[in-house]
Amino acid sequence: MSDKNFQLACELADKIYFDIIDILDIHDKCIKPDLENKDGTKNTKLGQDLYWSIENILQDKLNK
């Protein structure tokens, strides 16, 4: 995968991920406070799985 396609997949995955959690109102299930980063957040296991699934699908499609 080219760097350009990888970057595109990451940007699209980020947008789709946040749209999904907004539409389904599942922020509390996908995002939690990051205690190591003041005012930061990180993904829960569910959030990670959702994000990586979206990114992997996009990468597969962009590689074709």
# chains A, B, ... in the order shown; residues from 1 in each chain; ligands from 1

$ select_by_dssp --residues "chain A" --states "strand (DSSP E or B)" --output "VMD selection string"
chain A and resid 31 to 34 40 to 43

$ write_last_selection --atoms "C-alpha atoms" --output "mmCIF file, in the first residue's frame"
data_model
loop_
_atom_site.group_PDB
_atom_site.id
_atom_site.type_symbol
_atom_site.label_atom_id
_atom_site.label_comp_id
_atom_site.auth_asym_id
_atom_site.auth_seq_id
_atom_site.Cartn_x
_atom_site.Cartn_y
_atom_site.Cartn_z
ATOM 1 C CA ILE A 31 -13.857 6.092 24.370
ATOM 2 C CA LYS A 32 -12.534 6.535 27.906
ATOM 3 C CA PRO A 33 -10.362 9.118 29.658
ATOM 4 C CA ASP A 34 -6.615 8.620 29.261
ATOM 5 C CA GLY A 40 -6.847 13.125 26.710
ATOM 6 C CA THR A 41 -8.893 10.114 25.724
ATOM 7 C CA LYS A 42 -8.217 6.658 24.364
ATOM 8 C CA ASN A 43 -10.260 3.900 22.835
#

$ residues_around --residues "range 21-25 of chain A" --least-positions-apart "3" --cutoff "12 Å" --atoms "only C-alpha atoms" --output "ChimeraX atom specification"
/A:14-18,28-31,43,46-47,50-51

$ write_last_selection --atoms "C-alpha atoms" --output "CSV table (one decimal), in the first residue's frame"
chain,number,residue,atom,x,y,z
A,14,ASP,CA,-11.2,8.2,11.7
A,15,LYS,CA,-14.1,10.1,10.2
A,16,ILE,CA,-16.3,7.0,9.8
A,17,TYR,CA,-15.4,5.8,13.3
A,18,PHE,CA,-16.5,9.0,15.0
A,28,ASP,CA,-19.0,5.7,26.7
A,29,LYS,CA,-18.5,2.2,25.2
A,30,CYS,CA,-15.8,3.2,22.8
A,31,ILE,CA,-13.9,6.1,24.4
A,43,ASN,CA,-10.3,3.9,22.8
A,46,LEU,CA,-14.6,-2.1,21.6
A,47,GLY,CA,-13.4,1.2,20.2
A,50,LEU,CA,-14.3,-0.9,15.7
A,51,TYR,CA,-11.6,1.5,14.4

$ decode --residues "range 6-22 of chain A" --atoms "C-alpha atoms" --output "PDB file, in the first residue's frame"
ATOM      1  CA  PHE A   6      -2.457   4.426   3.859  1.00  0.00           C
ATOM      2  CA  GLN A   7      -2.945   8.044   4.933  1.00  0.00           C
ATOM      3  CA  LEU A   8      -6.287   8.173   3.117  1.00  0.00           C
ATOM      4  CA  ALA A   9      -7.436   4.949   4.810  1.00  0.00           C
ATOM      5  CA  CYS A  10      -6.505   6.360   8.234  1.00  0.00           C
ATOM      6  CA  GLU A  11      -8.277   9.676   7.613  1.00  0.00           C
ATOM      7  CA  LEU A  12     -11.428   7.963   6.336  1.00  0.00           C
ATOM      8  CA  ALA A  13     -11.401   5.414   9.156  1.00  0.00           C
ATOM      9  CA  ASP A  14     -11.179   8.217  11.709  1.00  0.00           C
ATOM     10  CA  LYS A  15     -14.115  10.088  10.161  1.00  0.00           C
ATOM     11  CA  ILE A  16     -16.260   6.953   9.815  1.00  0.00           C
ATOM     12  CA  TYR A  17     -15.399   5.788  13.346  1.00  0.00           C
ATOM     13  CA  PHE A  18     -16.510   9.042  14.961  1.00  0.00           C
ATOM     14  CA  ASP A  19     -19.623   9.240  12.779  1.00  0.00           C
ATOM     15  CA  ILE A  20     -20.621   5.723  13.865  1.00  0.00           C
ATOM     16  CA  ILE A  21     -20.115   6.333  17.577  1.00  0.00           C
ATOM     17  CA  ASP A  22     -21.972   9.667  17.290  1.00  0.00           C
TER      18      ASP A  22
END
